[in-house]
Structure formats: structure tokens, C-alpha cells
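> What follows is the file final.pdb, containing PDB, N, CA and C atoms:
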ATOM      1  N   MET A1338     -40.948  67.875 260.201
ATOM      2  CA  MET A1338     -41.450  68.638 259.085
ATOM      3  C   MET A1338     -40.327  68.970 258.104
ATOM      4  N   ARG A1339     -39.146  69.331 258.620
ATOM      5  CA  ARG A1339     -38.027  69.653 257.738
ATOM      6  C   ARG A1339     -37.587  68.435 256.943
ATOM      7  N   ARG A1340     -37.596  67.286 257.611
ATOM      8  CA  ARG A1340     -37.191  66.073 256.921
ATOM      9  C   ARG A1340     -38.177  65.755 255.802
ATOM     10  N   PHE A1341     -39.469  65.946 256.056
ATOM     11  CA  PHE A1341     -40.490  65.732 255.039
ATOM     12  C   PHE A1341     -40.258  66.668 253.859
ATOM     13  N   SER A1342     -39.961  67.934 254.139
ATOM     14  CA  SER A1342     -39.705  68.905 253.077
ATOM     15  C   SER A1342     -38.491  68.501 252.260
ATOM     16  N   PHE A1343     -37.446  68.005 252.931
ATOM     17  CA  PHE A1343     -36.246  67.553 252.241
ATOM     18  C   PHE A1343     -36.587  66.391 251.310
ATOM     19  N   LEU A1344     -37.386  65.442 251.788
ATOM     20  CA  LEU A1344     -37.762  64.301 250.954
ATOM     21  C   LEU A1344     -38.599  64.725 249.759
ATOM     22  N   VAL A1345     -39.519  65.655 249.962
ATOM     23  CA  VAL A1345     -40.337  66.157 248.857
ATOM     24  C   VAL A1345     -39.451  66.833 247.822
ATOM     25  N   MET A1346     -38.485  67.626 248.276
ATOM     26  CA  MET A1346     -37.583  68.307 247.365
ATOM     27  C   MET A1346     -36.755  67.289 246.574
ATOM     28  N   MET A1347     -36.270  66.257 247.233
ATOM     29  CA  MET A1347     -35.492  65.230 246.544
ATOM     30  C   MET A1347     -36.337  64.507 245.506
ATOM     31  N   LEU A1348     -37.568  64.187 245.847
ATOM     32  CA  LEU A1348     -38.448  63.536 244.881
ATOM     33  C   LEU A1348     -38.738  64.434 243.686
ATOM     34  N   ALA A1349     -38.894  65.715 243.929
ATOM     35  CA  ALA A1349     -39.130  66.663 242.841
ATOM     36  C   ALA A1349     -37.931  66.721 241.906
ATOM     37  N   LEU A1350     -36.716  66.709 242.469
ATOM     38  CA  LEU A1350     -35.523  66.726 241.635
ATOM     39  C   LEU A1350     -35.426  65.483 240.767
ATOM     40  N   VAL A1351     -35.737  64.337 241.338
ATOM     41  CA  VAL A1351     -35.706  63.100 240.575
ATOM     42  C   VAL A1351     -36.757  63.145 239.469
ATOM     43  N   GLY A1352     -37.903  63.717 239.772
ATOM     44  CA  GLY A1352     -38.986  63.802 238.803
ATOM     45  C   GLY A1352     -38.673  64.664 237.600
ATOM     46  N   ILE A1353     -37.784  65.667 237.747
ATOM     47  CA  ILE A1353     -37.467  66.525 236.610
ATOM     48  C   ILE A1353     -36.151  66.121 235.951
ATOM     49  N   GLY A1354     -35.641  64.988 236.298
ATOM     50  CA  GLY A1354     -34.462  64.468 235.630
ATOM     51  C   GLY A1354     -33.146  64.790 236.327
ATOM     52  N   ALA A1355     -33.157  65.575 237.368
ATOM     53  CA  ALA A1355     -31.927  65.853 238.101
ATOM     54  C   ALA A1355     -31.592  64.641 238.961
ATOM     55  N   LYS A1356     -30.325  64.372 239.099
ATOM     56  CA  LYS A1356     -29.923  63.222 239.901
ATOM     57  C   LYS A1356     -29.053  63.695 241.050
ATOM     58  N   ALA A1357     -29.463  63.355 242.256
ATOM     59  CA  ALA A1357     -28.673  63.688 243.434
ATOM     60  C   ALA A1357     -27.409  62.831 243.420
ATOM     61  N   VAL A1358     -26.336  63.388 243.912
ATOM     62  CA  VAL A1358     -25.064  62.685 243.962
ATOM     63  C   VAL A1358     -24.758  62.356 245.409
ATOM     64  N   ASP A1359     -24.490  61.097 245.686
ATOM     65  CA  ASP A1359     -24.044  60.666 247.002
ATOM     66  C   ASP A1359     -22.558  60.356 246.890
ATOM     67  N   PHE A1360     -21.776  60.798 247.864
ATOM     68  CA  PHE A1360     -20.342  60.573 247.817
ATOM     69  C   PHE A1360     -19.767  60.565 249.229
ATOM     70  N   SER A1361     -18.523  60.116 249.332
ATOM     71  CA  SER A1361     -17.813  60.074 250.612
ATOM     72  C   SER A1361     -16.520  60.860 250.502
ATOM     73  N   VAL A1362     -16.189  61.562 251.573
ATOM     74  CA  VAL A1362     -14.909  62.241 251.702
ATOM     75  C   VAL A1362     -14.415  61.941 253.111
ATOM     76  N   GLY A1363     -13.237  61.366 253.195
ATOM     77  CA  GLY A1363     -12.727  60.960 254.500
ATOM     78  C   GLY A1363     -13.628  59.893 255.107
ATOM     79  N   ASN A1364     -14.026  60.074 256.354
ATOM     80  CA  ASN A1364     -14.879  59.108 257.047
ATOM     81  C   ASN A1364     -16.365  59.434 256.967
ATOM     82  N   LEU A1365     -16.745  60.433 256.149
ATOM     83  CA  LEU A1365     -18.143  60.880 256.127
ATOM     84  C   LEU A1365     -18.803  60.702 254.763
ATOM     85  N   LYS A1366     -20.105  60.395 254.802
ATOM     86  CA  LYS A1366     -20.925  60.280 253.591
ATOM     87  C   LYS A1366     -21.765  61.541 253.453
ATOM     88  N   TYR A1367     -21.988  61.964 252.203
ATOM     89  CA  TYR A1367     -22.771  63.161 251.921
ATOM     90  C   TYR A1367     -23.766  62.878 250.804
ATOM     91  N   SER A1368     -24.833  63.668 250.778
ATOM     92  CA  SER A1368     -25.811  63.604 249.705
ATOM     93  C   SER A1368     -26.068  65.022 249.206
ATOM     94  N   GLU A1369     -25.962  65.199 247.893
ATOM     95  CA  GLU A1369     -26.126  66.508 247.266
ATOM     96  C   GLU A1369     -27.607  66.874 247.149
ATOM     97  N   PHE A1370     -27.911  68.168 247.294
ATOM     98  CA  PHE A1370     -29.245  68.683 247.023
ATOM     99  C   PHE A1370     -29.131  70.151 246.643
ATOM    100  N   ARG A1371     -30.234  70.791 246.304
ATOM    101  CA  ARG A1371     -30.258  72.187 245.845
ATOM    102  C   ARG A1371     -29.411  72.402 244.603
ATOM    103  N   SER A1372     -29.647  71.588 243.599
ATOM    104  CA  SER A1372     -28.974  71.742 242.305
ATOM    105  C   SER A1372     -27.457  71.753 242.409
ATOM    106  N   GLY A1373     -26.919  70.975 243.318
ATOM    107  CA  GLY A1373     -25.483  70.810 243.401
ATOM    108  C   GLY A1373     -24.730  71.840 244.206
ATOM    109  N   LYS A1374     -25.419  72.709 244.915
ATOM    110  CA  LYS A1374     -24.730  73.745 245.679
ATOM    111  C   LYS A1374     -24.490  73.346 247.127
ATOM    112  N   SER A1375     -25.265  72.403 247.630
ATOM    113  CA  SER A1375     -25.182  72.030 249.037
ATOM    114  C   SER A1375     -25.283  70.524 249.212
ATOM    115  N   VAL A1376     -24.801  70.061 250.354
ATOM    116  CA  VAL A1376     -24.908  68.646 250.711
ATOM    117  C   VAL A1376     -25.360  68.517 252.156
ATOM    118  N   TYR A1377     -25.865  67.340 252.479
ATOM    119  CA  TYR A1377     -26.173  66.943 253.851
ATOM    120  C   TYR A1377     -25.202  65.845 254.238
ATOM    121  N   CYS A1378     -24.755  65.860 255.474
ATOM    122  CA  CYS A1378     -23.934  64.771 255.991
ATOM    123  C   CYS A1378     -24.876  63.642 256.388
ATOM    124  N   LEU A1379     -24.644  62.466 255.820
ATOM    125  CA  LEU A1379     -25.497  61.311 256.104
ATOM    126  C   LEU A1379     -24.961  60.441 257.225
ATOM    127  N   GLY A1380     -23.688  60.598 257.560
ATOM    128  CA  GLY A1380     -23.097  59.787 258.625
ATOM    129  C   GLY A1380     -21.732  59.269 258.239
ATOM    130  N   LEU A1381     -21.302  58.243 258.942
ATOM    131  CA  LEU A1381     -19.992  57.658 258.707
ATOM    132  C   LEU A1381     -20.007  56.718 257.513
ATOM    133  N   THR A1382     -18.867  56.596 256.850
ATOM    134  CA  THR A1382     -18.717  55.618 255.778
ATOM    135  C   THR A1382     -18.765  54.217 256.372
ATOM    136  N   SER A1383     -18.945  53.232 255.528
ATOM    137  CA  SER A1383     -19.035  51.850 256.027
ATOM    138  C   SER A1383     -17.733  51.417 256.706
ATOM    139  N   SER A1384     -16.589  51.912 256.234
ATOM    140  CA  SER A1384     -15.322  51.522 256.864
ATOM    141  C   SER A1384     -15.119  52.196 258.222
ATOM    142  N   ALA A1385     -15.728  53.360 258.433
ATOM    143  CA  ALA A1385     -15.591  54.063 259.717
ATOM    144  C   ALA A1385     -16.669  53.661 260.710
ATOM    145  N   SER A1386     -17.817  53.237 260.211
ATOM    146  CA  SER A1386     -18.934  52.880 261.081
ATOM    147  C   SER A1386     -18.587  51.668 261.932
ATOM    148  N   GLY A1387     -18.762  51.809 263.227
ATOM    149  CA  GLY A1387     -18.473  50.710 264.147
ATOM    150  C   GLY A1387     -16.998  50.500 264.409
ATOM    151  N   ASN A1388     -16.154  51.384 263.890
ATOM    152  CA  ASN A1388     -14.710  51.273 264.063
ATOM    153  C   ASN A1388     -14.319  51.915 265.392
ATOM    154  N   SER A1389     -13.733  51.140 266.267
ATOM    155  CA  SER A1389     -13.412  51.635 267.615
ATOM    156  C   SER A1389     -12.343  52.722 267.608
ATOM    157  N   SER A1390     -11.601  52.870 266.506
ATOM    158  CA  SER A1390     -10.580  53.919 266.446
ATOM    159  C   SER A1390     -11.167  55.272 266.015
ATOM    160  N   VAL A1391     -12.418  55.282 265.551
ATOM    161  CA  VAL A1391     -13.068  56.540 265.152
ATOM    162  C   VAL A1391     -13.923  57.007 266.332
ATOM    163  N   THR A1392     -13.350  57.896 267.135
ATOM    164  CA  THR A1392     -14.050  58.391 268.321
ATOM    165  C   THR A1392     -14.426  59.866 268.203
ATOM    166  N   THR A1393     -13.802  60.572 267.258
ATOM    167  CA  THR A1393     -14.064  61.994 267.043
ATOM    168  C   THR A1393     -14.242  62.254 265.557
ATOM    169  N   ILE A1394     -15.261  63.035 265.224
ATOM    170  CA  ILE A1394     -15.543  63.399 263.833
ATOM    171  C   ILE A1394     -15.763  64.901 263.773
ATOM    172  N   THR A1395     -15.267  65.537 262.711
ATOM    173  CA  THR A1395     -15.534  66.949 262.465
ATOM    174  C   THR A1395     -16.376  67.077 261.210
ATOM    175  N   ILE A1396     -17.532  67.725 261.346
ATOM    176  CA  ILE A1396     -18.390  68.002 260.192
ATOM    177  C   ILE A1396     -17.943  69.364 259.655
ATOM    178  N   PRO A1397     -17.355  69.400 258.454
ATOM    179  CA  PRO A1397     -16.855  70.668 257.926
ATOM    180  C   PRO A1397     -17.984  71.554 257.416
ATOM    181  N   GLY A1398     -17.704  72.838 257.282
ATOM    182  CA  GLY A1398     -18.670  73.771 256.719
ATOM    183  C   GLY A1398     -18.786  73.637 255.215
ATOM    184  N   TRP A1399     -17.748  73.078 254.580
ATOM    185  CA  TRP A1399     -17.778  72.798 253.154
ATOM    186  C   TRP A1399     -16.885  71.603 252.880
ATOM    187  N   VAL A1400     -17.127  70.960 251.739
ATOM    188  CA  VAL A1400     -16.377  69.773 251.354
ATOM    189  C   VAL A1400     -16.189  69.798 249.840
ATOM    190  N   THR A1401     -15.046  69.303 249.365
ATOM    191  CA  THR A1401     -14.764  69.262 247.931
ATOM    192  C   THR A1401     -14.741  67.811 247.464
ATOM    193  N   TYR A1402     -15.455  67.558 246.363
ATOM    194  CA  TYR A1402     -15.515  66.220 245.770
ATOM    195  C   TYR A1402     -15.479  66.375 244.249
ATOM    196  N   ASN A1403     -14.590  65.665 243.607
ATOM    197  CA  ASN A1403     -14.422  65.732 242.144
ATOM    198  C   ASN A1403     -14.273  67.166 241.639
ATOM    199  N   GLY A1404     -13.533  67.975 242.375
ATOM    200  CA  GLY A1404     -13.270  69.341 241.961
ATOM    201  C   GLY A1404     -14.389  70.330 242.222
ATOM    202  N   VAL A1405     -15.488  69.874 242.828
ATOM    203  CA  VAL A1405     -16.624  70.742 243.139
ATOM    204  C   VAL A1405     -16.673  70.945 244.645
ATOM    205  N   THR A1406     -16.789  72.211 245.077
ATOM    206  CA  THR A1406     -16.900  72.515 246.500
ATOM    207  C   THR A1406     -18.364  72.721 246.861
ATOM    208  N   TYR A1407     -18.818  72.006 247.870
ATOM    209  CA  TYR A1407     -20.204  72.043 248.332
ATOM    210  C   TYR A1407     -20.265  72.645 249.733
ATOM    211  N   ASN A1408     -21.316  73.402 250.015
ATOM    212  CA  ASN A1408     -21.608  73.829 251.381
ATOM    213  C   ASN A1408     -22.251  72.655 252.099
ATOM    214  N   VAL A1409     -21.815  72.379 253.306
ATOM    215  CA  VAL A1409     -22.459  71.342 254.108
ATOM    216  C   VAL A1409     -23.600  72.033 254.851
ATOM    217  N   GLU A1410     -24.797  71.835 254.362
ATOM    218  CA  GLU A1410     -25.985  72.525 254.858
ATOM    219  C   GLU A1410     -26.463  71.973 256.200
ATOM    220  N   GLY A1411     -26.385  70.659 256.356
ATOM    221  CA  GLY A1411     -26.922  70.074 257.573
ATOM    222  C   GLY A1411     -26.451  68.653 257.804
ATOM    223  N   ILE A1412     -26.972  68.087 258.877
ATOM    224  CA  ILE A1412     -26.641  66.727 259.291
ATOM    225  C   ILE A1412     -27.939  65.961 259.439
ATOM    226  N   ASP A1413     -28.000  64.792 258.833
ATOM    227  CA  ASP A1413     -29.194  63.957 258.927
ATOM    228  C   ASP A1413     -29.433  63.525 260.372
ATOM    229  N   ALA A1414     -30.686  63.428 260.748
ATOM    230  CA  ALA A1414     -31.056  63.100 262.131
ATOM    231  C   ALA A1414     -30.491  61.751 262.585
ATOM    232  N   THR A1415     -30.344  60.819 261.670
ATOM    233  CA  THR A1415     -29.851  59.487 262.038
ATOM    234  C   THR A1415     -28.390  59.279 261.640
ATOM    235  N   ALA A1416     -27.687  60.351 261.378
ATOM    236  CA  ALA A1416     -26.308  60.252 260.884
ATOM    237  C   ALA A1416     -25.401  59.413 261.785
ATOM    238  N   PHE A1417     -25.553  59.530 263.073
ATOM    239  CA  PHE A1417     -24.656  58.827 263.982
ATOM    240  C   PHE A1417     -25.402  57.884 264.920
ATOM    241  N   TYR A1418     -26.565  57.457 264.499
ATOM    242  CA  TYR A1418     -27.383  56.517 265.265
ATOM    243  C   TYR A1418     -26.618  55.204 265.439
ATOM    244  N   GLN A1419     -26.523  54.749 266.643
ATOM    245  CA  GLN A1419     -25.865  53.501 267.034
ATOM    246  C   GLN A1419     -24.366  53.486 266.742
ATOM    247  N   GLU A1420     -23.758  54.652 266.689
ATOM    248  CA  GLU A1420     -22.296  54.742 266.564
ATOM    249  C   GLU A1420     -21.725  54.849 267.973
ATOM    250  N   TYR A1421     -21.632  53.715 268.638
ATOM    251  CA  TYR A1421     -21.304  53.665 270.053
ATOM    252  C   TYR A1421     -19.879  54.124 270.378
ATOM    253  N   TYR A1422     -18.949  53.960 269.448
ATOM    254  CA  TYR A1422     -17.567  54.368 269.698
ATOM    255  C   TYR A1422     -17.366  55.871 269.527
ATOM    256  N   LEU A1423     -18.260  56.508 268.800
ATOM    257  CA  LEU A1423     -18.138  57.937 268.542
ATOM    258  C   LEU A1423     -18.467  58.725 269.804
ATOM    259  N   LYS A1424     -17.514  59.509 270.274
ATOM    260  CA  LYS A1424     -17.683  60.258 271.523
ATOM    261  C   LYS A1424     -17.821  61.757 271.303
ATOM    262  N   THR A1425     -17.210  62.284 270.224
ATOM    263  CA  THR A1425     -17.207  63.722 269.990
ATOM    264  C   THR A1425     -17.532  64.024 268.531
ATOM    265  N   VAL A1426     -18.473  64.946 268.321
ATOM    266  CA  VAL A1426     -18.787  65.437 266.979
ATOM    267  C   VAL A1426     -18.608  66.954 267.002
ATOM    268  N   VAL A1427     -17.666  67.440 266.220
ATOM    269  CA  VAL A1427     -17.406  68.873 266.112
ATOM    270  C   VAL A1427     -18.101  69.366 264.849
ATOM    271  N   VAL A1428     -18.929  70.389 264.995
ATOM    272  CA  VAL A1428     -19.663  70.948 263.861
ATOM    273  C   VAL A1428     -19.074  72.316 263.552
ATOM    274  N   GLU A1429     -18.490  72.445 262.352
ATOM    275  CA  GLU A1429     -17.852  73.701 261.978
ATOM    276  C   GLU A1429     -18.867  74.748 261.544
ATOM    277  N   TRP A1430     -18.410  75.980 261.510
ATOM    278  CA  TRP A1430     -19.224  77.110 261.090
ATOM    279  C   TRP A1430     -19.743  76.858 259.677
ATOM    280  N   GLY A1431     -20.982  77.189 259.438
ATOM    281  CA  GLY A1431     -21.594  77.037 258.125
ATOM    282  C   GLY A1431     -22.657  75.954 258.087
ATOM    283  N   VAL A1432     -22.547  74.957 258.948
ATOM    284  CA  VAL A1432     -23.567  73.919 259.032
ATOM    285  C   VAL A1432     -24.777  74.520 259.740
ATOM    286  N   LYS A1433     -25.946  74.495 259.074
ATOM    287  CA  LYS A1433     -27.095  75.233 259.575
ATOM    288  C   LYS A1433     -28.129  74.403 260.308
ATOM    289  N   GLN A1434     -28.192  73.105 260.018
ATOM    290  CA  GLN A1434     -29.283  72.311 260.595
ATOM    291  C   GLN A1434     -28.837  70.925 260.993
ATOM    292  N   ILE A1435     -29.512  70.411 261.980
ATOM    293  CA  ILE A1435     -29.457  68.995 262.314
ATOM    294  C   ILE A1435     -30.899  68.550 262.301
ATOM    295  N   ASP A1436     -31.227  67.719 261.335
ATOM    296  CA  ASP A1436     -32.621  67.290 261.201
ATOM    297  C   ASP A1436     -32.938  66.128 262.083
TER     298      ASP A1436
END
Will you turn the file into C-alpha cells for me?


Amino acid sequence: MRRFSFLVMMLALVGIGAKAVDFSVGNLKYSEFRSGKSVYCLGLTSSASGNSSVTTITIPGWVTYNGVTYNVEGIDATAFYQEYYLKTVVVEWGVKQID
């Protein structure tokens, strides 16, 4: 249900002319929502995905991109799907949901 609500919200933003920003910082991909105040972690970047040297990831409570600091609101349900080398995911304070 939460994922459905997130998709509806994203479609509404696109419908009114707002454009979500997708970006990467370090080994993680993020997608902006809530008018630029928050992001969701989408998973590993293409260079980190499937990389046997990436065994531990930390999801920060906030991330800065292009001079803008975003709250990391949550983690997508499929963020680390089939990431067989990944053994540890540390979730910092401030991350509220895993969908």
C-alpha cells in the first residue's frame, strides 16, 4: 500500500510539472520526492552492483547532492534484490521506512 501511495504521489508531481531528480552519491542511487525535501534510496549504482568488493553499505540519514541536503526518508523494497555480495546494510538514524 505504501509503495502504491508513493507511485501515486510521483505521478501527481509529474502531472503538475514538477520533475523528480534521480542521482547517485557514492555507491548509492536516490530518487527525490516531496518537493525536493526528501529522497528514497533505490539501491546500488551500476558500478557497485554485483561488485564483489562491495560487501557493506551504509544508508545515511541525509545526503548532499549539488549543494542541496536531502533527508533519506526510506529504502525501496527492491533496493538490494539479487545483490549477492552484499552482506551488511547499516541504516542510520533518520531513515523511516523500508518499503

> I need the residue set behind the PyMOL selection byres ((chain A and resi 1397) around 8) for this file; please write it as a PyMOL selection string.

chain A and resi 1394-1396+1398-1400+1408-1410+1427-1432

> Please determine, counting only C-alpha atoms, which residue among A:Leu1423, A:Ala1414, A:Leu1365, A:Val1376 has the shortest atom-to-atom distance to Val1391 of chain A.

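Closest to Val1391 of chain A, using only C-alpha atoms: A:Leu1423.
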
> Find the residues near segment 1367-1373 of chain A: any atom within 7 Å, counting all atoms listed in the file, skip ones fewer than 3 places away on the same chain, and give them as a PDB file with N, CA and C atoms, in the frame of the given file.


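Once everything was written out, this is around_30.pdb:
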ATOM      1  N   ALA A1357     -29.463  63.355 242.256  1.00  0.00           N
ATOM      2  CA  ALA A1357     -28.673  63.688 243.434  1.00  0.00           C
ATOM      3  C   ALA A1357     -27.409  62.831 243.420  1.00  0.00           C
ATOM      4  N   VAL A1358     -26.336  63.388 243.912  1.00  0.00           N
ATOM      5  CA  VAL A1358     -25.064  62.685 243.962  1.00  0.00           C
ATOM      6  C   VAL A1358     -24.758  62.356 245.409  1.00  0.00           C
ATOM      7  N   ASP A1359     -24.490  61.097 245.686  1.00  0.00           N
ATOM      8  CA  ASP A1359     -24.044  60.666 247.002  1.00  0.00           C
ATOM      9  C   ASP A1359     -22.558  60.356 246.890  1.00  0.00           C
ATOM     10  N   PHE A1360     -21.776  60.798 247.864  1.00  0.00           N
ATOM     11  CA  PHE A1360     -20.342  60.573 247.817  1.00  0.00           C
ATOM     12  C   PHE A1360     -19.767  60.565 249.229  1.00  0.00           C
ATOM     13  N   SER A1361     -18.523  60.116 249.332  1.00  0.00           N
ATOM     14  CA  SER A1361     -17.813  60.074 250.612  1.00  0.00           C
ATOM     15  C   SER A1361     -16.520  60.860 250.502  1.00  0.00           C
ATOM     16  N   VAL A1362     -16.189  61.562 251.573  1.00  0.00           N
ATOM     17  CA  VAL A1362     -14.909  62.241 251.702  1.00  0.00           C
ATOM     18  C   VAL A1362     -14.415  61.941 253.111  1.00  0.00           C
ATOM     19  N   VAL A1376     -24.801  70.061 250.354  1.00  0.00           N
ATOM     20  CA  VAL A1376     -24.908  68.646 250.711  1.00  0.00           C
ATOM     21  C   VAL A1376     -25.360  68.517 252.156  1.00  0.00           C
ATOM     22  N   TYR A1377     -25.865  67.340 252.479  1.00  0.00           N
ATOM     23  CA  TYR A1377     -26.173  66.943 253.851  1.00  0.00           C
ATOM     24  C   TYR A1377     -25.202  65.845 254.238  1.00  0.00           C
ATOM     25  N   CYS A1378     -24.755  65.860 255.474  1.00  0.00           N
ATOM     26  CA  CYS A1378     -23.934  64.771 255.991  1.00  0.00           C
ATOM     27  C   CYS A1378     -24.876  63.642 256.388  1.00  0.00           C
ATOM     28  N   LEU A1379     -24.644  62.466 255.820  1.00  0.00           N
ATOM     29  CA  LEU A1379     -25.497  61.311 256.104  1.00  0.00           C
ATOM     30  C   LEU A1379     -24.961  60.441 257.225  1.00  0.00           C
ATOM     31  N   GLY A1380     -23.688  60.598 257.560  1.00  0.00           N
ATOM     32  CA  GLY A1380     -23.097  59.787 258.625  1.00  0.00           C
ATOM     33  C   GLY A1380     -21.732  59.269 258.239  1.00  0.00           C
ATOM     34  N   THR A1406     -16.789  72.211 245.077  1.00  0.00           N
ATOM     35  CA  THR A1406     -16.900  72.515 246.500  1.00  0.00           C
ATOM     36  C   THR A1406     -18.364  72.721 246.861  1.00  0.00           C
ATOM     37  N   TYR A1407     -18.818  72.006 247.870  1.00  0.00           N
ATOM     38  CA  TYR A1407     -20.204  72.043 248.332  1.00  0.00           C
ATOM     39  C   TYR A1407     -20.265  72.645 249.733  1.00  0.00           C
ATOM     40  N   ASN A1408     -21.316  73.402 250.015  1.00  0.00           N
ATOM     41  CA  ASN A1408     -21.608  73.829 251.381  1.00  0.00           C
ATOM     42  C   ASN A1408     -22.251  72.655 252.099  1.00  0.00           C
TER      43      ASN A1408
END

> Could you tell me how far atom C of Ser1383 of chain A lies from atom CA of Ala1416 of chain A, in Å and to one decimal?

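Computed distance, atom C of Ser1383 of chain A to atom CA of Ala1416 of chain A, equals 13.0 Å.
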
> Excluding Glu1420 of chain A and any residue of its chain fewer than 6 positions from it, enumerate the residues within 8 Å of it, using all atoms listed in the file, and give them as a list in words.

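In the requested form, the answer reads Ser1386, Gly1387 and Asn1388 of chain A.
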
> I'd like the interatomic distance between atom CA of Asp1436 of chain A and atom C of Lys1374 of chain A, to a tenth of an Å.

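A separation of 17.3 Å between them.
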
> Could you give me, as a ChimeraX atom specification, each residue of chain A that DSSP assigns to strand (DSSP E or B) when run on this structure's backbone?

/A:1359-1362,1365-1370,1375-1381,1393-1396,1399-1402,1405-1412,1425-1428,1434-1435

> Would you compute the distance between atom CA of Lys1424 of chain A and atom N of Thr1393 of chain A? Give it in Å to one decimal.

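About the pair atom CA of Lys1424 of chain A and atom N of Thr1393 of chain A: they are 5.8 Å apart.
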
> Can you list, as a list in words, every residue of chain A that DSSP puts in alpha helix (DSSP H)?

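Reading the DSSP output for chain A, alpha helix (DSSP H) covers Arg1339, Arg1340, Phe1341, Ser1342, Phe1343, Leu1344, Val1345, Met1346, Met1347, Leu1348, Ala1349, Leu1350, Val1351 and Gly1352 of chain A.
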
> Find, counting only C-alpha atoms, the residue in A:Thr1382, A:Lys1366, A:Ser1390, A:Thr1425 that gets nearest to Ile1412 of chain A.

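Looking only at the distances to Ile1412 of chain A, the closest residue turns out to be A:Lys1366.
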
> Of the candidates A:Asn1403, A:Leu1381, A:Gly1363, A:Ser1389, which shows the shortest atom-to-atom distance to Val1426 of chain A, using only C-alpha atoms?

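Closest to Val1426 of chain A, using only C-alpha atoms: A:Leu1381.
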